[in-house]
>>> print(open('entry-v6.csv').read())   # CSV, C-alpha atoms and all ligand atoms
chain,number,residue,atom,x,y,z
A,1,MET,CA,0.0,0.0,0.0
A,2,ALA,CA,1.4,3.4,-0.9
A,3,ALA,CA,2.3,5.8,1.9
A,4,ALA,CA,-0.3,8.4,0.8
A,5,GLN,CA,-3.0,5.7,0.8
A,6,ARG,CA,-1.9,4.5,4.3
A,7,ASN,CA,-2.1,8.1,5.6
A,8,ALA,CA,-5.6,8.5,4.1
A,9,CYS,CA,-6.6,5.2,5.8
A,10,ARG,CA,-5.2,6.4,9.1
A,11,ARG,CA,-7.0,9.7,8.9
A,12,LEU,CA,-10.2,7.8,8.2
A,13,GLN,CA,-10.2,6.2,11.6
A,14,LEU,CA,-13.3,7.4,13.5
A,15,PRO,CA,-12.9,7.9,17.3
A,16,ARG,CA,-13.6,4.7,19.1
A,17,LEU,CA,-17.2,5.1,20.2
A,18,SER,CA,-19.4,2.1,20.8
A,19,ASN,CA,-21.1,0.7,17.6
A,20,LYS,CA,-22.7,-2.1,19.6
A,21,ILE,CA,-26.3,-2.4,18.3
A,22,VAL,CA,-29.0,-2.2,21.0
A,23,GLY,CA,-32.2,-1.7,18.9
A,24,MET,CA,-33.9,-3.7,16.2
A,25,ILE,CA,-32.4,-3.2,12.7
A,26,VAL,CA,-34.4,-3.5,9.5
A,27,THR,CA,-32.3,-3.3,6.4
A,28,ILE,CA,-33.8,-2.4,3.0
A,29,ASP,CA,-31.5,-2.8,0.0
A,30,GLY,CA,-32.2,-2.8,-3.7
A,31,PRO,CA,-31.6,-0.9,-6.9
A,32,ALA,CA,-32.3,2.8,-7.7
A,33,GLY,CA,-35.9,3.5,-8.5
A,34,ALA,CA,-37.4,0.6,-6.6
A,35,GLY,CA,-39.1,3.0,-4.2
A,36,LYS,CA,-36.8,2.2,-1.3
A,37,SER,CA,-36.7,5.7,0.3
A,38,SER,CA,-40.4,6.3,0.5
A,39,ALA,CA,-41.1,2.7,1.6
A,40,ALA,CA,-38.3,2.8,4.2
A,41,ARG,CA,-39.4,6.1,5.5
A,42,GLY,CA,-43.1,5.1,5.6
A,43,VAL,CA,-42.5,1.8,7.4
A,44,ALA,CA,-40.1,3.5,9.9
A,45,HIS,CA,-42.8,6.1,10.6
A,46,ARG,CA,-45.5,3.4,11.2
A,47,LEU,CA,-43.2,1.5,13.6
A,48,GLY,CA,-41.8,4.5,15.4
A,49,PHE,CA,-38.3,3.5,14.2
A,50,ARG,CA,-35.6,5.9,13.0
A,51,PHE,CA,-35.1,6.1,9.2
A,52,LEU,CA,-31.5,6.2,7.9
A,53,ASP,CA,-30.9,7.1,4.2
A,54,THR,CA,-27.3,5.8,3.6
A,55,GLY,CA,-27.2,7.0,0.0
A,56,ALA,CA,-27.4,10.5,1.4
A,57,MET,CA,-24.0,10.0,3.0
A,58,TYR,CA,-22.3,9.1,-0.3
A,59,ARG,CA,-24.1,12.0,-1.9
A,60,ALA,CA,-22.9,14.4,0.8
A,61,VAL,CA,-19.3,13.4,0.2
A,62,ALA,CA,-19.7,13.9,-3.6
A,63,CYS,CA,-21.4,17.2,-3.0
A,64,ALA,CA,-18.5,18.4,-0.8
A,65,ALA,CA,-15.9,17.2,-3.4
A,66,LEU,CA,-17.7,19.2,-6.1
A,67,GLN,CA,-18.0,22.3,-3.9
A,68,ARG,CA,-14.3,22.2,-3.0
A,69,GLY,CA,-13.0,21.3,-6.4
A,70,VAL,CA,-11.5,17.9,-5.3
A,71,ASP,CA,-10.5,15.8,-8.3
A,72,LEU,CA,-13.0,13.0,-8.4
A,73,ASN,CA,-10.5,10.6,-10.0
A,74,ASP,CA,-8.1,11.1,-7.0
A,75,GLY,CA,-9.2,8.4,-4.6
A,76,ASN,CA,-6.7,9.4,-1.9
A,77,ALA,CA,-7.9,13.1,-2.0
A,78,LEU,CA,-11.5,12.0,-1.8
A,79,ALA,CA,-10.8,9.7,1.2
A,80,ALA,CA,-8.8,12.5,2.9
A,81,LEU,CA,-11.7,14.9,2.3
A,82,THR,CA,-14.2,12.4,3.8
A,83,ALA,CA,-12.1,12.1,6.9
A,84,GLU,CA,-12.4,15.9,7.5
A,85,LEU,CA,-16.2,16.1,6.9
A,86,GLU,CA,-18.8,16.2,9.6
A,87,ILE,CA,-21.8,14.4,8.0
A,88,GLU,CA,-25.0,14.1,9.9
A,89,VAL,CA,-28.0,12.4,8.3
A,90,THR,CA,-31.2,12.9,10.3
A,91,GLU,CA,-34.8,12.0,9.5
A,92,ASP,CA,-35.4,15.1,7.5
A,93,GLN,CA,-32.1,16.8,6.9
A,94,VAL,CA,-28.6,16.1,5.6
A,95,LEU,CA,-26.0,18.3,7.3
A,96,LEU,CA,-22.5,18.8,5.9
A,97,ASP,CA,-20.2,20.6,8.4
A,98,GLY,CA,-23.4,22.0,9.9
A,99,GLN,CA,-24.7,23.3,6.5
A,100,ASP,CA,-28.1,21.9,5.2
A,101,VAL,CA,-27.3,20.2,1.9
A,102,SER,CA,-30.6,18.2,1.7
A,103,ARG,CA,-31.5,19.7,-1.7
A,104,ALA,CA,-27.9,20.2,-3.0
A,105,ILE,CA,-27.2,16.4,-2.8
A,106,ARG,CA,-30.1,15.6,-5.2
A,107,THR,CA,-28.8,17.5,-8.3
A,108,SER,CA,-27.9,15.5,-11.4
A,109,GLU,CA,-24.3,16.8,-11.0
A,110,VAL,CA,-24.0,15.0,-7.6
A,111,THR,CA,-25.8,11.9,-9.0
A,112,ALA,CA,-23.2,11.7,-11.8
A,113,ALA,CA,-20.3,12.2,-9.4
A,114,VAL,CA,-21.3,9.9,-6.6
A,115,LYS,CA,-20.0,6.8,-8.3
A,116,HIS,CA,-16.4,7.9,-7.5
A,117,VAL,CA,-17.3,8.1,-3.9
A,118,ALA,CA,-19.2,4.9,-3.7
A,119,ASP,CA,-16.5,2.9,-5.5
A,120,ASN,CA,-13.8,4.0,-2.9
A,121,PRO,CA,-13.2,1.2,-0.3
A,122,ASN,CA,-11.7,3.6,2.3
A,123,ILE,CA,-14.7,5.9,2.1
A,124,ARG,CA,-17.1,2.9,2.2
A,125,SER,CA,-15.6,1.5,5.4
A,126,HIS,CA,-15.7,5.0,7.0
A,127,LEU,CA,-19.3,5.5,6.0
A,128,VAL,CA,-20.3,2.0,7.1
A,129,ARG,CA,-18.9,2.8,10.6
A,130,LEU,CA,-20.8,6.1,10.6
A,131,GLN,CA,-24.0,4.1,9.7
A,132,GLN,CA,-23.4,1.6,12.5
A,133,ARG,CA,-22.8,4.4,14.9
A,134,THR,CA,-25.9,6.4,13.8
A,135,ALA,CA,-28.1,3.3,14.2
A,136,HIS,CA,-26.5,1.8,17.3
A,137,ASP,CA,-28.9,3.2,20.0
A,138,HIS,CA,-32.2,3.3,18.1
A,139,HIS,CA,-34.6,0.9,16.5
A,140,THR,CA,-33.7,1.7,12.9
A,141,VAL,CA,-34.9,1.2,9.3
A,142,THR,CA,-31.8,1.6,7.2
A,143,GLU,CA,-31.8,1.9,3.4
A,144,GLY,CA,-29.1,1.5,0.8
A,145,ARG,CA,-27.3,-1.2,-1.3
A,146,ASP,CA,-25.1,-3.1,1.3
A,147,GLN,CA,-27.0,-2.7,4.5
A,148,GLY,CA,-28.0,-6.3,5.0
A,149,THR,CA,-24.7,-7.7,3.6
A,150,VAL,CA,-22.0,-5.4,4.9
A,151,ALA,CA,-23.2,-2.7,7.4
A,152,PHE,CA,-25.6,-4.9,9.4
A,153,PRO,CA,-25.1,-8.5,8.6
A,154,ASN,CA,-26.8,-9.5,11.9
A,155,ALA,CA,-29.9,-7.4,11.3
A,156,GLU,CA,-33.1,-9.0,12.6
A,157,CYS,CA,-35.0,-8.2,9.4
A,158,LYS,CA,-33.6,-7.9,5.9
A,159,ILE,CA,-35.6,-6.8,2.9
A,160,PHE,CA,-34.5,-6.6,-0.8
A,161,LEU,CA,-36.9,-4.2,-2.5
A,162,THR,CA,-36.9,-4.2,-6.3
A,163,ALA,CA,-39.1,-3.8,-9.4
A,164,THR,CA,-38.5,-4.6,-13.1
A,165,PRO,CA,-36.2,-2.1,-14.9
A,166,GLN,CA,-39.1,-0.9,-17.1
A,167,GLU,CA,-41.3,-0.2,-14.1
A,168,ARG,CA,-38.5,1.6,-12.2
A,169,ALA,CA,-37.7,3.7,-15.3
A,170,ARG,CA,-41.4,4.6,-15.9
A,171,ARG,CA,-41.7,5.8,-12.2
A,172,ARG,CA,-38.5,7.8,-12.4
A,173,GLN,CA,-39.6,9.4,-15.7
A,174,ALA,CA,-42.9,10.4,-14.1
A,175,ASP,CA,-41.1,11.9,-11.1
A,176,LEU,CA,-38.8,13.9,-13.4
A,177,GLU,CA,-41.8,15.1,-15.5
A,178,ALA,CA,-43.6,16.2,-12.3
A,179,ARG,CA,-40.4,18.3,-11.5
A,180,GLY,CA,-40.5,19.9,-15.0
A,181,GLU,CA,-37.7,17.8,-16.6
A,182,THR,CA,-38.6,16.3,-20.0
A,183,VAL,CA,-36.8,13.0,-20.6
A,184,SER,CA,-38.0,9.8,-22.3
A,185,VAL,CA,-38.5,6.5,-20.5
A,186,ASP,CA,-35.8,5.0,-22.8
A,187,GLU,CA,-33.2,7.6,-21.8
A,188,VAL,CA,-34.0,7.0,-18.1
A,189,LEU,CA,-33.8,3.3,-18.7
A,190,GLN,CA,-30.3,3.6,-20.3
A,191,GLN,CA,-28.9,5.7,-17.4
A,192,GLN,CA,-30.6,3.4,-14.9
A,193,ASN,CA,-29.0,0.3,-16.5
A,194,LEU,CA,-25.6,2.0,-16.2
A,195,ARG,CA,-26.2,2.7,-12.5
A,196,ASP,CA,-27.4,-0.8,-11.8
A,197,GLN,CA,-24.3,-2.1,-13.4
A,198,GLN,CA,-22.0,0.2,-11.3
A,199,ASP,CA,-23.9,-0.7,-8.1
A,200,ALA,CA,-23.6,-4.5,-8.8
A,201,GLU,CA,-20.0,-4.5,-10.0
A,202,ARG,CA,-18.1,-2.3,-7.5
A,203,GLU,CA,-15.4,-4.3,-5.7
A,204,VAL,CA,-16.6,-3.5,-2.2
A,205,GLY,CA,-20.2,-2.9,-1.0
A,206,ARG,CA,-21.7,-4.1,-4.2
A,207,MET,CA,-25.5,-4.3,-4.3
A,208,ALA,CA,-26.6,-7.8,-3.5
A,209,LYS,CA,-29.5,-9.5,-1.9
A,210,ALA,CA,-28.5,-11.0,1.5
A,211,GLU,CA,-29.1,-14.7,1.6
A,212,ASP,CA,-31.6,-14.2,4.5
A,213,ALA,CA,-33.4,-11.2,2.9
A,214,VAL,CA,-37.0,-11.3,1.9
A,215,GLU,CA,-37.4,-10.1,-1.7
A,216,VAL,CA,-40.3,-7.8,-2.5
A,217,ILE,CA,-41.0,-6.9,-6.1
A,218,THR,CA,-43.1,-3.8,-6.2
A,219,ASP,CA,-44.5,-3.9,-9.8
A,220,GLY,CA,-48.2,-3.1,-9.8
A,221,MET,CA,-48.2,-2.2,-6.1
A,222,THR,CA,-49.2,1.2,-4.7
A,223,ALA,CA,-46.8,3.1,-2.4
A,224,SER,CA,-49.0,2.4,0.6
A,225,GLY,CA,-49.4,-1.2,-0.5
A,226,VAL,CA,-45.6,-1.5,-0.4
A,227,ILE,CA,-45.5,0.0,3.1
A,228,ASP,CA,-48.2,-2.4,4.2
A,229,ALA,CA,-46.2,-5.4,2.9
A,230,LEU,CA,-43.0,-4.3,4.5
A,231,GLU,CA,-44.7,-3.6,7.8
A,232,ALA,CA,-46.1,-7.1,7.8
A,233,ILE,CA,-42.7,-8.6,7.2
A,234,VAL,CA,-41.1,-6.6,10.0
A,235,ARG,CA,-43.8,-7.4,12.5
A,236,SER,CA,-43.4,-11.1,11.6
A,237,LYS,CA,-39.8,-10.8,12.8
A,238,MET,CA,-40.5,-8.9,16.0
A,301,LIG,O1,-29.8,5.6,-3.2
A,301,LIG,P1,-29.1,6.8,-3.8
A,301,LIG,O2,-29.3,7.0,-5.2
A,301,LIG,O3,-29.3,8.1,-3.0
A,301,LIG,O4,-27.5,6.4,-3.6
A,301,LIG,C1,-26.5,7.3,-4.1
A,301,LIG,C2,-25.3,6.5,-4.6
A,301,LIG,O5,-24.7,5.8,-3.5
A,301,LIG,C3,-25.7,5.3,-5.6
A,301,LIG,O6,-24.7,5.4,-6.6
A,301,LIG,C4,-25.5,4.1,-4.8
A,301,LIG,C5,-24.6,4.4,-3.7
A,301,LIG,N1,-24.9,3.8,-2.4
A,301,LIG,C6,-24.0,2.8,-2.1
A,301,LIG,O7,-23.1,2.4,-2.8
A,301,LIG,N2,-24.2,2.1,-0.8
A,301,LIG,C7,-25.2,2.5,-0.1
A,301,LIG,N3,-25.4,1.9,1.1
A,301,LIG,C8,-26.1,3.5,-0.5
A,301,LIG,C9,-25.9,4.1,-1.7
>>> encode(input="entry-v6.csv", output="structure tokens")
Amino acid sequence: MAAAQRNACRRLQLPRLSNKIVGMIVTIDGPAGAGKSSAARGVAHRLGFRFLDTGAMYRAVACAALQRGVDLNDGNALAALTAELEIEVTEDQVLLDGQDVSRAIRTSEVTAAVKHVADNPNIRSHLVRLQQRTAHDHHTVTEGRDQGTVAFPNAECKIFLTATPQERARRRQADLEARGETVSVDEVLQQQNLRDQQDAEREVGRMAKAEDAVEVITDGMTASGVIDALEAIVRSKM
């Protein structure tokens, strides 16, 4: 390992606080556009659990890198930046060094840049520790790509939420149209296929269904129907 990389790793050590999990953990993993965020938030609300959006952490780092002009192709510089950042993901806000970046992390610029962050093993291990620490003292519904496999392998309840690529693209296109962005379903599908491939092929933390996860395919289900189904699965594990 090169010296610069070793230093970046060392700087990425978080202070030793307890990550011992005391509450129930529900993990929801799956591809982009499967409706994970609203389903996870909805089921957390029904159960009185905390909701943790882990994609927001990766987005916050990408946002900081863009704001500060850090070279996205320089993995060590990205890791060093991550070590310096104070990232706090709450139920309704994402704070970066105390600044509210909840909207800034959703731009297409950040979406395009986040791959460089999510592919970086040093950043991943740092953010996984942050996820474990954030969830350690609450019943939590946590949502991402690697929550049931890497971050919380001993979670009491694991769900893999997905939908067919066409259905996910159709929903995303409708969302974009509602926000005034005109783009065809085919264009959305192409970008989505690329993201799916990136999420499934990264060397660490790749998106995968945990062996003990329950798979839910949301084609044809309403948003509240998905929440009902997830709530029933979680309650069956309580
Ligand atoms: O779910 P999202 O689109 O907000 O996620 C942003 C990016 O972060 C996406 O490229 C997938 C990646 N991600 C990840 O690698 N691991 C997670 N636990 C959550 C998100």
>>> atom_distance(input="entry-v6.csv", atom1="CA of Ile217 (chain A)", atom2="CA of Thr162 (chain A)")
4.9 Å
>>> closest_residue(input="entry-v6.csv", among="A:Gly144, A:Gly205, A:Pro153, A:Pro165", to="Ala40 (chain A)", atoms="all atoms listed in the file")
A:Gly144
>>> closest_residue(input="entry-v6.csv", among="A:Cys157, A:Ala163, A:Ala135, A:Ala113", to="ligand LIG 301 (chain A)", atoms="only C-alpha atoms and all ligand atoms")
A:Ala113
>>> residues_around(input="entry-v6.csv", residues="Ile159 (chain A)", least_positions_apart="4", cutoff="8 Å", atoms="only C-alpha atoms", output="PyMOL selection string")
chain A and resi 26-29+148+213-216+230
>>> residues_near_ligand(input="entry-v6.csv", ligand="ligand LIG 301 (chain A)", cutoff="6 Å", atoms="all atoms listed in the file", output="number ranges by chain")
A: 32, 54-56, 58-59, 114-115, 118, 144-147
>>> residues_around(input="entry-v6.csv", residues="Ala229 (chain A)", least_positions_apart="5", cutoff="10 Å", atoms="all atoms listed in the file", output="list of chain:residue names")
A:Ala39, A:Val43, A:Val216, A:Thr218, A:Met221, A:Ser224, A:Val234
>>> atom_distance(input="entry-v6.csv", atom1="CA of Lys20 (chain A)", atom2="CA of Asp53 (chain A)")
19.7 Å
>>> closest_residue(input="entry-v6.csv", among="A:Ile233, A:Ala169, A:Ala34, A:Ala64", to="Glu156 (chain A)", atoms="only C-alpha atoms")
A:Ile233
